[in-house]
$ cat coords.tsv   # TSV, C-alpha atoms
chain	number	residue	atom	x	y	z
A	20	MET	CA	208.48	225.85	-230.20
A	21	THR	CA	208.95	222.61	-232.07
A	22	PHE	CA	206.62	222.38	-235.03
A	23	THR	CA	204.20	219.45	-234.77
A	24	THR	CA	202.36	218.01	-237.72
A	25	ALA	CA	200.22	215.01	-238.61
A	26	HIS	CA	199.68	213.37	-241.99
A	27	MET	CA	196.72	211.12	-242.51
A	28	SER	CA	195.24	209.33	-245.50
A	29	ILE	CA	191.53	209.54	-244.88
A	30	SER	CA	188.35	208.32	-246.54
A	31	LEU	CA	185.78	210.82	-247.78
A	32	ASP	CA	183.61	209.81	-244.82
A	33	GLY	CA	186.40	210.56	-242.35
A	34	PHE	CA	187.98	207.21	-241.50
A	35	VAL	CA	191.76	206.65	-241.35
A	36	ALA	CA	191.37	202.92	-240.66
A	37	GLY	CA	188.64	200.41	-241.24
A	38	PRO	CA	187.05	198.31	-238.51
A	39	ASP	CA	188.55	195.14	-236.98
A	40	GLN	CA	192.25	195.91	-236.95
A	41	SER	CA	194.25	192.70	-236.66
A	42	ARG	CA	197.68	191.31	-237.40
A	43	ASP	CA	196.48	190.46	-240.90
A	44	ASP	CA	194.72	193.80	-241.32
A	45	PRO	CA	196.90	196.44	-239.64
A	46	LEU	CA	194.69	199.24	-240.98
A	47	GLY	CA	191.42	197.43	-240.44
A	48	VAL	CA	189.13	196.08	-243.13
A	49	GLY	CA	189.49	198.24	-246.23
A	50	GLY	CA	192.02	200.57	-244.65
A	51	MET	CA	194.95	199.76	-246.92
A	52	GLN	CA	193.23	201.24	-249.96
A	53	LEU	CA	193.52	204.68	-248.32
A	54	HIS	CA	197.28	204.46	-248.94
A	55	LYS	CA	197.25	203.43	-252.58
A	56	TRP	CA	198.06	207.01	-253.64
A	57	HIS	CA	201.62	206.76	-252.30
A	58	PHE	CA	202.44	203.22	-253.34
A	59	ASP	CA	204.42	202.71	-256.53
A	60	PRO	CA	203.92	203.73	-259.21
A	61	VAL	CA	203.36	207.28	-257.98
A	62	GLU	CA	203.22	209.34	-261.13
A	63	HIS	CA	201.38	212.60	-260.55
A	64	GLU	CA	203.52	215.53	-259.44
A	65	ALA	CA	201.25	216.34	-256.49
A	66	ASP	CA	201.41	212.77	-255.20
A	67	ILE	CA	205.19	212.67	-255.65
A	68	ALA	CA	205.58	215.95	-253.78
A	69	MET	CA	203.40	214.75	-250.92
A	70	ARG	CA	205.05	211.34	-250.71
A	71	ASP	CA	208.44	213.03	-250.52
A	72	SER	CA	207.15	215.41	-247.88
A	73	LEU	CA	205.79	212.45	-245.93
A	74	LEU	CA	209.15	210.68	-246.03
A	75	ARG	CA	211.34	213.69	-245.26
A	76	PRO	CA	213.54	213.48	-242.17
A	77	ARG	CA	211.80	214.30	-238.89
A	78	GLY	CA	213.07	215.07	-235.44
A	79	ALA	CA	210.78	212.57	-233.75
A	80	TYR	CA	207.55	210.66	-234.16
A	81	VAL	CA	204.77	209.92	-231.71
A	82	MET	CA	202.32	207.12	-232.29
A	83	GLY	CA	199.60	205.26	-230.46
A	84	ARG	CA	200.06	201.70	-229.39
A	85	ASN	CA	197.50	200.38	-231.87
A	86	MET	CA	199.56	201.87	-234.65
A	87	PHE	CA	202.64	200.13	-233.30
A	88	GLY	CA	201.01	196.74	-233.22
A	89	PRO	CA	197.98	194.53	-232.68
A	90	ILE	CA	198.97	193.50	-229.12
A	91	ARG	CA	196.76	194.83	-226.30
A	92	GLY	CA	197.44	194.88	-222.55
A	93	GLU	CA	200.79	193.66	-221.22
A	94	TRP	CA	203.71	193.15	-223.60
A	95	ARG	CA	203.53	189.39	-223.58
A	96	GLU	CA	204.99	189.14	-227.05
A	97	ARG	CA	208.39	190.62	-226.42
A	98	ASP	CA	209.43	190.06	-229.97
A	99	TRP	CA	206.84	192.43	-231.46
A	100	ARG	CA	208.89	195.23	-232.97
A	101	GLY	CA	206.28	197.04	-235.07
A	102	TRP	CA	204.71	196.34	-238.43
A	103	TRP	CA	207.61	197.59	-240.48
A	104	GLY	CA	210.36	194.95	-240.33
A	105	ASP	CA	213.94	195.56	-239.19
A	106	ASP	CA	214.28	199.00	-240.79
A	107	PRO	CA	211.12	201.04	-240.07
A	108	PRO	CA	210.48	204.17	-242.16
A	109	TYR	CA	210.91	206.58	-239.22
A	110	HIS	CA	214.72	206.84	-238.88
A	111	CYS	CA	214.57	208.76	-235.60
A	112	ASP	CA	213.28	208.47	-232.04
A	113	THR	CA	209.68	207.26	-232.13
A	114	PHE	CA	207.58	207.48	-229.00
A	115	VAL	CA	204.83	204.91	-228.54
A	116	LEU	CA	201.97	205.76	-226.16
A	117	THR	CA	201.09	202.80	-223.95
A	118	HIS	CA	199.89	201.98	-220.45
A	119	HIS	CA	202.46	199.20	-220.16
A	120	PRO	CA	206.16	199.94	-219.62
A	121	ARG	CA	208.77	198.38	-221.84
A	122	GLU	CA	212.41	199.02	-222.56
A	123	SER	CA	213.32	200.96	-225.69
A	124	VAL	CA	213.86	198.95	-228.86
A	125	GLU	CA	216.60	200.04	-231.22
A	126	MET	CA	215.98	199.14	-234.85
A	127	GLN	CA	218.08	199.45	-237.98
A	128	GLY	CA	218.24	202.73	-239.89
A	129	GLY	CA	218.07	205.04	-236.87
A	130	THR	CA	214.59	204.24	-235.55
A	131	THR	CA	214.36	203.65	-231.81
A	132	PHE	CA	210.98	202.90	-230.29
A	133	HIS	CA	210.49	204.37	-226.82
A	134	PHE	CA	207.45	203.43	-224.74
A	135	VAL	CA	205.81	206.28	-222.84
A	136	THR	CA	203.37	205.44	-220.06
A	137	ASP	CA	202.60	208.86	-218.61
A	138	GLY	CA	200.47	210.42	-221.31
A	139	ILE	CA	200.51	212.52	-224.44
A	140	GLU	CA	202.12	215.59	-222.90
A	141	ALA	CA	205.01	213.58	-221.49
A	142	ALA	CA	205.47	211.96	-224.89
A	143	MET	CA	205.48	215.41	-226.51
A	144	ASP	CA	208.08	216.64	-224.04
A	145	GLN	CA	210.33	213.69	-224.79
A	146	ALA	CA	209.78	214.06	-228.54
A	147	THR	CA	210.59	217.77	-228.33
A	148	ALA	CA	213.85	217.03	-226.50
A	149	ALA	CA	214.77	214.45	-229.14
A	150	ALA	CA	213.72	216.50	-232.16
A	151	GLY	CA	216.20	219.34	-231.95
A	152	GLU	CA	215.52	221.79	-234.78
A	153	ARG	CA	213.43	219.31	-236.74
A	154	ASP	CA	209.71	218.89	-236.54
A	155	ILE	CA	207.66	216.25	-234.77
A	156	SER	CA	205.17	214.10	-236.62
A	157	ILE	CA	202.19	212.56	-234.89
A	158	ALA	CA	202.15	209.36	-236.92
A	159	GLY	CA	198.68	208.18	-235.83
A	160	GLY	CA	196.41	206.46	-235.39
A	161	ALA	CA	193.04	208.12	-235.13
A	162	SER	CA	192.87	208.24	-231.35
A	163	THR	CA	196.36	209.68	-230.96
A	164	VAL	CA	195.81	212.44	-233.50
A	165	ARG	CA	192.45	213.22	-231.88
A	166	GLN	CA	194.08	213.57	-228.48
A	167	TYR	CA	196.84	215.88	-229.69
A	168	LEU	CA	194.39	217.99	-231.67
A	169	SER	CA	192.05	218.26	-228.67
A	170	ALA	CA	194.93	219.27	-226.43
A	171	GLY	CA	196.04	222.07	-228.75
A	172	LEU	CA	199.39	220.38	-229.33
A	173	LEU	CA	199.17	220.11	-233.11
A	174	ASP	CA	200.29	222.93	-235.40
A	175	GLU	CA	199.35	221.44	-238.74
A	176	LEU	CA	197.05	218.78	-240.12
A	177	ASN	CA	197.75	217.21	-243.52
A	178	LEU	CA	195.02	215.09	-245.02
A	179	GLN	CA	194.94	213.01	-248.15
A	180	ILE	CA	191.23	212.77	-248.85
A	181	ASN	CA	190.51	209.60	-250.80
A	182	PRO	CA	187.48	209.17	-253.09
A	183	ILE	CA	186.50	206.20	-250.95
A	184	LEU	CA	183.62	205.56	-248.57
A	185	LEU	CA	184.53	203.08	-245.80
A	186	GLY	CA	181.33	203.24	-243.78
A	187	ALA	CA	182.99	202.22	-240.51
A	188	GLY	CA	186.31	202.38	-238.71
A	189	GLU	CA	188.39	204.93	-236.85
A	190	ARG	CA	187.71	208.65	-237.19
A	191	PRO	CA	190.33	211.10	-235.90
A	192	LEU	CA	188.02	214.11	-236.16
A	193	ASP	CA	185.16	212.60	-234.14
A	194	GLY	CA	184.83	213.01	-230.40
A	195	LEU	CA	187.19	215.96	-230.08
A	196	ASP	CA	187.08	217.55	-226.62
A	197	SER	CA	187.38	220.94	-228.27
A	198	LEU	CA	186.87	222.06	-231.85
A	199	PRO	CA	189.97	223.94	-232.97
A	200	ALA	CA	189.74	226.59	-235.67
A	201	LEU	CA	191.57	225.65	-238.85
A	202	GLU	CA	193.01	227.66	-241.70
A	203	LEU	CA	193.17	226.07	-245.12
A	204	GLU	CA	196.77	226.59	-246.19
A	205	ARG	CA	197.02	224.59	-249.38
A	206	THR	CA	195.08	222.24	-251.63
A	207	LEU	CA	196.87	220.05	-254.17
A	208	ALA	CA	194.92	218.10	-256.74
A	209	SER	CA	195.87	214.74	-258.17
A	210	PRO	CA	193.65	212.25	-259.97
A	211	ALA	CA	194.02	209.86	-257.04
A	212	VAL	CA	193.45	211.96	-253.97
A	213	THR	CA	192.93	215.50	-252.70
A	214	HIS	CA	195.82	216.83	-250.60
A	215	VAL	CA	194.81	219.46	-248.06
A	216	ARG	CA	196.91	221.16	-245.43
A	217	TYR	CA	195.41	223.01	-242.49
A	218	ARG	CA	197.06	225.23	-239.91
A	219	VAL	CA	195.59	224.80	-236.45
A	220	VAL	CA	194.79	228.28	-235.12
A	221	LYS	CA	196.14	228.66	-231.61
A	222	GLN	CA	193.58	230.24	-229.28
B	20	MET	CA	169.17	209.17	-268.65
B	21	THR	CA	168.78	212.50	-266.92
B	22	PHE	CA	171.97	213.52	-265.18
B	23	THR	CA	171.54	213.87	-261.43
B	24	THR	CA	173.92	215.78	-259.23
B	25	ALA	CA	174.16	217.07	-255.67
B	26	HIS	CA	176.13	220.03	-254.33
B	27	MET	CA	176.86	220.24	-250.66
B	28	SER	CA	178.92	222.56	-248.52
B	29	ILE	CA	180.34	220.28	-245.87
B	30	SER	CA	182.51	220.58	-242.79
B	31	LEU	CA	185.84	218.78	-242.63
B	32	ASP	CA	184.21	216.34	-240.21
B	33	GLY	CA	181.42	215.58	-242.65
B	34	PHE	CA	178.44	217.66	-241.53
B	35	VAL	CA	176.25	219.67	-243.93
B	36	ALA	CA	174.15	221.14	-241.11
B	37	GLY	CA	174.70	221.69	-237.43
B	38	PRO	CA	172.45	220.28	-234.70
B	39	ASP	CA	169.12	221.76	-233.59
B	40	GLN	CA	167.66	223.03	-236.84
B	41	SER	CA	164.96	225.62	-236.15
B	42	ARG	CA	163.21	228.52	-237.80
B	43	ASP	CA	165.97	230.81	-236.53
B	44	ASP	CA	168.71	228.36	-237.48
B	45	PRO	CA	167.69	226.72	-240.78
B	46	LEU	CA	171.05	225.00	-241.09
B	47	GLY	CA	171.36	224.15	-237.42
B	48	VAL	CA	173.80	225.64	-234.97
B	49	GLY	CA	176.94	226.67	-236.81
B	50	GLY	CA	175.67	225.46	-240.18
B	51	MET	CA	175.57	228.84	-241.90
B	52	GLN	CA	179.36	229.22	-241.79
B	53	LEU	CA	179.63	226.30	-244.24
B	54	HIS	CA	178.19	228.63	-246.89
B	55	LYS	CA	180.41	231.64	-246.34
B	56	TRP	CA	182.50	230.73	-249.39
B	57	HIS	CA	179.67	231.65	-251.79
B	58	PHE	CA	178.37	234.75	-250.07
B	59	ASP	CA	179.56	238.09	-251.36
B	60	PRO	CA	182.25	239.10	-251.78
B	61	VAL	CA	183.29	236.01	-253.70
B	62	GLU	CA	186.66	236.89	-255.12
B	63	HIS	CA	188.66	233.78	-255.92
B	64	GLU	CA	188.21	232.38	-259.41
B	65	ALA	CA	187.50	228.85	-258.15
B	66	ASP	CA	184.79	230.09	-255.82
B	67	ILE	CA	183.27	232.25	-258.55
B	68	ALA	CA	183.25	229.31	-260.95
B	69	MET	CA	181.62	227.03	-258.40
B	70	ARG	CA	179.05	229.61	-257.32
B	71	ASP	CA	178.10	230.14	-260.95
B	72	SER	CA	177.91	226.40	-261.48
B	73	LEU	CA	175.69	226.11	-258.40
B	74	LEU	CA	173.34	228.79	-259.71
B	75	ARG	CA	173.14	227.58	-263.30
B	76	PRO	CA	169.72	226.65	-264.66
B	77	ARG	CA	168.51	223.16	-263.77
B	78	GLY	CA	165.72	221.02	-265.05
B	79	ALA	CA	164.35	220.20	-261.62
B	80	TYR	CA	165.30	220.03	-257.96
B	81	VAL	CA	164.46	217.47	-255.30
B	82	MET	CA	164.73	218.30	-251.62
B	83	GLY	CA	163.78	216.86	-248.28
B	84	ARG	CA	161.10	218.36	-246.17
B	85	ASN	CA	163.54	219.56	-243.51
B	86	MET	CA	165.30	221.56	-246.18
B	87	PHE	CA	161.99	223.09	-247.22
B	88	GLY	CA	161.11	224.20	-243.73
B	89	PRO	CA	161.12	223.66	-239.97
B	90	ILE	CA	157.54	222.32	-239.84
B	91	ARG	CA	157.14	218.64	-238.94
B	92	GLY	CA	154.07	216.40	-239.33
B	93	GLU	CA	150.90	217.79	-240.92
B	94	TRP	CA	151.02	221.06	-242.87
B	95	ARG	CA	149.32	223.10	-240.20
B	96	GLU	CA	151.05	226.28	-241.25
B	97	ARG	CA	149.67	226.65	-244.74
B	98	ASP	CA	151.54	229.86	-245.30
B	99	TRP	CA	154.98	228.24	-245.06
B	100	ARG	CA	156.45	228.61	-248.53
B	101	GLY	CA	160.10	227.76	-247.91
B	102	TRP	CA	163.00	229.69	-246.42
B	103	TRP	CA	163.73	231.74	-249.52
B	104	GLY	CA	161.03	234.45	-249.78
B	105	ASP	CA	158.78	235.01	-252.77
B	106	ASP	CA	161.43	234.29	-255.40
B	107	PRO	CA	163.38	231.17	-254.42
B	108	PRO	CA	166.72	230.48	-256.12
B	109	TYR	CA	165.50	227.35	-257.93
B	110	HIS	CA	163.56	228.77	-260.92
B	111	CYS	CA	162.10	225.40	-261.93
B	112	ASP	CA	159.95	222.57	-260.63
B	113	THR	CA	161.15	221.61	-257.17
B	114	PHE	CA	159.94	218.37	-255.62
B	115	VAL	CA	159.70	218.22	-251.82
B	116	LEU	CA	159.72	214.79	-250.17
B	117	THR	CA	157.11	214.58	-247.42
B	118	HIS	CA	154.72	212.12	-245.82
B	119	HIS	CA	151.94	214.71	-245.84
B	120	PRO	CA	150.13	215.68	-249.04
B	121	ARG	CA	149.80	219.30	-250.03
B	122	GLU	CA	148.88	221.15	-253.20
B	123	SER	CA	151.67	222.58	-255.31
B	124	VAL	CA	152.80	226.10	-254.52
B	125	GLU	CA	153.75	228.38	-257.39
B	126	MET	CA	156.32	231.02	-256.49
B	127	GLN	CA	157.77	233.95	-258.39
B	128	GLY	CA	160.66	233.44	-260.79
B	129	GLY	CA	159.61	230.05	-262.08
B	130	THR	CA	159.92	227.96	-258.93
B	131	THR	CA	156.97	225.68	-258.19
B	132	PHE	CA	157.10	223.46	-255.12
B	133	HIS	CA	155.47	220.07	-255.58
B	134	PHE	CA	154.95	217.75	-252.62
B	135	VAL	CA	155.69	214.08	-253.21
B	136	THR	CA	154.41	211.53	-250.71
B	137	ASP	CA	155.34	208.26	-252.36
B	138	GLY	CA	159.08	208.18	-251.95
B	139	ILE	CA	162.38	209.11	-253.55
B	140	GLU	CA	161.91	207.08	-256.73
B	141	ALA	CA	158.54	208.65	-257.43
B	142	ALA	CA	160.07	212.08	-256.86
B	143	MET	CA	162.90	211.21	-259.25
B	144	ASP	CA	160.42	210.07	-261.89
B	145	GLN	CA	158.51	213.33	-261.61
B	146	ALA	CA	161.71	215.37	-261.64
B	147	THR	CA	162.92	213.50	-264.71
B	148	ALA	CA	159.67	214.24	-266.53
B	149	ALA	CA	159.96	217.91	-265.60
B	150	ALA	CA	163.66	218.28	-266.34
B	151	GLY	CA	163.68	217.70	-270.09
B	152	GLU	CA	167.25	217.90	-271.35
B	153	ARG	CA	168.53	219.63	-268.25
B	154	ASP	CA	169.97	217.97	-265.18
B	155	ILE	CA	168.38	217.32	-261.82
B	156	SER	CA	169.89	218.60	-258.62
B	157	ILE	CA	169.31	216.90	-255.30
B	158	ALA	CA	169.30	220.05	-253.22
B	159	GLY	CA	169.56	218.38	-249.80
B	160	GLY	CA	169.50	217.96	-246.94
B	161	ALA	CA	171.74	215.26	-245.56
B	162	SER	CA	169.09	212.56	-245.35
B	163	THR	CA	167.79	213.13	-248.89
B	164	VAL	CA	171.25	213.01	-250.44
B	165	ARG	CA	172.04	209.89	-248.40
B	166	GLN	CA	168.91	208.16	-249.69
B	167	TYR	CA	169.58	208.99	-253.35
B	168	LEU	CA	173.22	207.96	-253.03
B	169	SER	CA	172.25	204.68	-251.35
B	170	ALA	CA	169.69	203.96	-254.06
B	171	GLY	CA	172.23	204.45	-256.86
B	172	LEU	CA	170.24	207.40	-258.23
B	173	LEU	CA	173.02	209.98	-258.07
B	174	ASP	CA	175.52	210.45	-260.91
B	175	GLU	CA	177.73	213.10	-259.36
B	176	LEU	CA	178.58	214.44	-255.94
B	177	ASN	CA	180.01	217.95	-255.56
B	178	LEU	CA	181.41	218.86	-252.20
B	179	GLN	CA	182.78	222.11	-250.89
B	180	ILE	CA	184.96	220.96	-248.01
B	181	ASN	CA	185.24	223.74	-245.45
B	182	PRO	CA	188.16	224.08	-243.02
B	183	ILE	CA	185.65	223.88	-240.21
B	184	LEU	CA	184.95	221.29	-237.53
B	185	LEU	CA	181.31	221.27	-236.41
B	186	GLY	CA	181.43	218.28	-234.06
B	187	ALA	CA	177.72	217.47	-234.43
B	188	GLY	CA	174.86	217.74	-236.90
B	189	GLU	CA	173.72	216.02	-240.07
B	190	ARG	CA	176.08	213.81	-242.09
B	191	PRO	CA	175.01	212.79	-245.61
B	192	LEU	CA	177.74	210.16	-245.94
B	193	ASP	CA	176.90	208.30	-242.72
B	194	GLY	CA	174.50	205.41	-242.57
B	195	LEU	CA	174.52	204.61	-246.28
B	196	ASP	CA	172.78	201.34	-247.10
B	197	SER	CA	175.46	200.65	-249.68
B	198	LEU	CA	178.89	202.20	-250.23
B	199	PRO	CA	179.13	203.35	-253.84
B	200	ALA	CA	182.48	203.55	-255.57
B	201	LEU	CA	183.52	207.08	-256.44
B	202	GLU	CA	185.90	208.55	-259.00
B	203	LEU	CA	187.59	211.83	-258.21
B	204	GLU	CA	186.91	213.95	-261.26
B	205	ARG	CA	188.20	217.35	-260.25
B	206	THR	CA	189.66	219.28	-257.36
B	207	LEU	CA	189.63	223.09	-257.32
B	208	ALA	CA	191.54	224.99	-254.68
B	209	SER	CA	190.56	228.31	-253.20
B	210	PRO	CA	191.77	229.89	-249.96
B	211	ALA	CA	188.28	229.45	-248.50
B	212	VAL	CA	187.28	225.93	-249.34
B	213	THR	CA	188.28	222.80	-251.29
B	214	HIS	CA	185.99	222.02	-254.21
B	215	VAL	CA	185.84	218.33	-255.12
B	216	ARG	CA	183.69	216.60	-257.69
B	217	TYR	CA	183.11	212.84	-257.69
B	218	ARG	CA	181.49	210.64	-260.29
B	219	VAL	CA	179.42	207.86	-258.74
B	220	VAL	CA	180.46	204.61	-260.42
B	221	LYS	CA	177.40	202.66	-261.50
B	222	GLN	CA	177.63	199.00	-260.54
$ encode --input "coords.tsv" --output "structure tokens"
Amino acid sequence: MTFTTAHMSISLDGFVAGPDQSRDDPLGVGGMQLHKWHFDPVEHEADIAMRDSLLRPRGAYVMGRNMFGPIRGEWRERDWRGWWGDDPPYHCDTFVLTHHPRESVEMQGGTTFHFVTDGIEAAMDQATAAAGERDISIAGGASTVRQYLSAGLLDELNLQINPILLGAGERPLDGLDSLPALELERTLASPAVTHVRYRVVKQ
Amino acid sequence: MTFTTAHMSISLDGFVAGPDQSRDDPLGVGGMQLHKWHFDPVEHEADIAMRDSLLRPRGAYVMGRNMFGPIRGEWRERDWRGWWGDDPPYHCDTFVLTHHPRESVEMQGGTTFHFVTDGIEAAMDQATAAAGERDISIAGGASTVRQYLSAGLLDELNLQINPILLGAGERPLDGLDSLPALELERTLASPAVTHVRYRVVKQ
């Protein structure tokens, strides 16, 4: 089985994005501060280790459409190619969940965005075929991680718990159809954030 | 100023008690498992250190009425003296927030329950007077900690983050009137739970 993981920078009250996502606020109001721990300068050894782990090569990514962009409904803006410029940080096949078909978009640096309209399991099948021996990362956002966790398709959950209260936004661990058992595998402390890694116990 | 802290064992999705608190289920459905880390046998050094810290002598405690017992409204059951038997684990003056007056109840081992009907600030004033040089612990539950945090009356928040998803129950960090800034002071790892300590930044 291909190993499937998710990394999320989360507020202490459980939000991975603030409210009111927009083109100017891709992570919603206040959401960007959840990612300060891995912006330069990253100095603490735990943060460096986790940033490097986050950026390591993957076999494939899966993400929700809201993570790919602010456009809803039909792809009227054909030129939208993600938030990340010409060379996105994925460097492999990246499957975007959407209800609206679109041809694949090849970017620089090895990232190709594929648009999957037949659900999370179909996206996982395609990601598995693309990943080879490498692992799959569910890149987000909240709804996508929630769906994969509910469906029992996630092996590992990595959280960076920020000392931040957002008060509103998107919570990946709310509204789960089932409550998987977790095993705490590792905690790493840094002054900025608490890194925790959980193994999802398969029933 | 008297130092005021709160310790809570919390689920990964932010609940300190499950739903449907009752006399048989003081912590709501599923809530007891949040406290497994400090039941015997406690073997890991981080858990031992935190358990000992939790049990250290305090100047005073403040708790909500739902933490004191399952009775709502008037004190019809005069014999209710808390969940903890004749010798509760507090060993000092313990102030119970309630809308219904009642005479103080002196227990064995130094715990005396006082019933405060005029709000959280009045309870804090009385706790401060009782505490002397020692610190005050806001014992819970979710609503009481939320109120003290919102009011800027908490100096420190200690959480034991369990690798458990409860899905429903009582969340202390939801519905805050204001969102205080926090500083991550310390993270301790054990195989059972992640111990985090935050300093509440005074505005």
$ interface_residues --input "coords.tsv" --of "chain A" --to "chain B" --cutoff "7 Å" --atoms "all atoms listed in the file" --output "number ranges by chain"
A: 32-33, 182-184, 186, 192-193, 198, 200-203, 206, 208, 210-211, 213
$ residues_around --input "coords.tsv" --residues "Gly104 (chain B)" --least-positions-apart "3" --cutoff "12 Å" --atoms "only C-alpha atoms" --output "mmCIF file with C-alpha atoms, keeping the file's coordinate frame"
data_model
loop_
_atom_site.group_PDB
_atom_site.id
_atom_site.type_symbol
_atom_site.label_atom_id
_atom_site.label_comp_id
_atom_site.auth_asym_id
_atom_site.auth_seq_id
_atom_site.Cartn_x
_atom_site.Cartn_y
_atom_site.Cartn_z
ATOM 1 C CA PHE B 87 161.990 223.090 -247.220
ATOM 2 C CA GLY B 88 161.110 224.200 -243.730
ATOM 3 C CA ASP B 98 151.540 229.860 -245.300
ATOM 4 C CA TRP B 99 154.980 228.240 -245.060
ATOM 5 C CA ARG B 100 156.450 228.610 -248.530
ATOM 6 C CA GLY B 101 160.100 227.760 -247.910
ATOM 7 C CA PRO B 107 163.380 231.170 -254.420
ATOM 8 C CA PRO B 108 166.720 230.480 -256.120
ATOM 9 C CA TYR B 109 165.500 227.350 -257.930
ATOM 10 C CA MET B 126 156.320 231.020 -256.490
ATOM 11 C CA GLN B 127 157.770 233.950 -258.390
ATOM 12 C CA GLY B 128 160.660 233.440 -260.790
ATOM 13 C CA THR B 130 159.920 227.960 -258.930
#
$ closest_residue --input "coords.tsv" --among "B:Ala170, B:Pro38, B:Thr147, B:Ala25" --to "Ser72 (chain B)" --atoms "all atoms listed in the file"
B:Ala25
$ atom_distance --input "coords.tsv" --atom1 "CA of Gly138 (chain A)" --atom2 "CA of His54 (chain A)"
28.4 Å
$ atom_distance --input "coords.tsv" --atom1 "CA of Ser169 (chain A)" --atom2 "CA of Val81 (chain A)"
15.5 Å
$ residues_around --input "coords.tsv" --residues "Gly78 (chain B)" --least-positions-apart "5" --cutoff "6 Å" --atoms "all atoms listed in the file" --output "MDAnalysis selection string"
chainID B and resid 150 153:155
$ residues_around --input "coords.tsv" --residues "Pro89 (chain B)" --least-positions-apart "5" --cutoff "12 Å" --atoms "only C-alpha atoms" --output "number ranges by chain"
B: 39-47, 83-84, 94-96, 99-102
$ atom_distance --input "coords.tsv" --atom1 "CA of Gly159 (chain B)" --atom2 "CA of Met86 (chain B)"
6.4 Å
$ residues_near_point --input "coords.tsv" --point "(199.0, 209.0, -227.7)" --cutoff "6 Å" --atoms "all atoms listed in the file" --output "VMD selection string"
chain A and resid 82 to 83 116 139 163
$ axis_aligned_box --input "coords.tsv" --around "region 149-159 of chain A" --padding-each-side "8 Å" --output "JSON"
{"center_x": 207.4, "center_y": 215.0, "center_z": -233.0, "size_x": 33.5, "size_y": 29.6, "size_z": 23.8}
$ residues_around --input "coords.tsv" --residues "Leu74 (chain A)" --least-positions-apart "4" --cutoff "12 Å" --atoms "all atoms listed in the file" --output "list in words"
His26, His57, Ile67, Ala68, Met69, Arg70, Tyr80, Pro107, Pro108, Tyr109, His110, Cys111, Ser156 and Ala158 of chain A
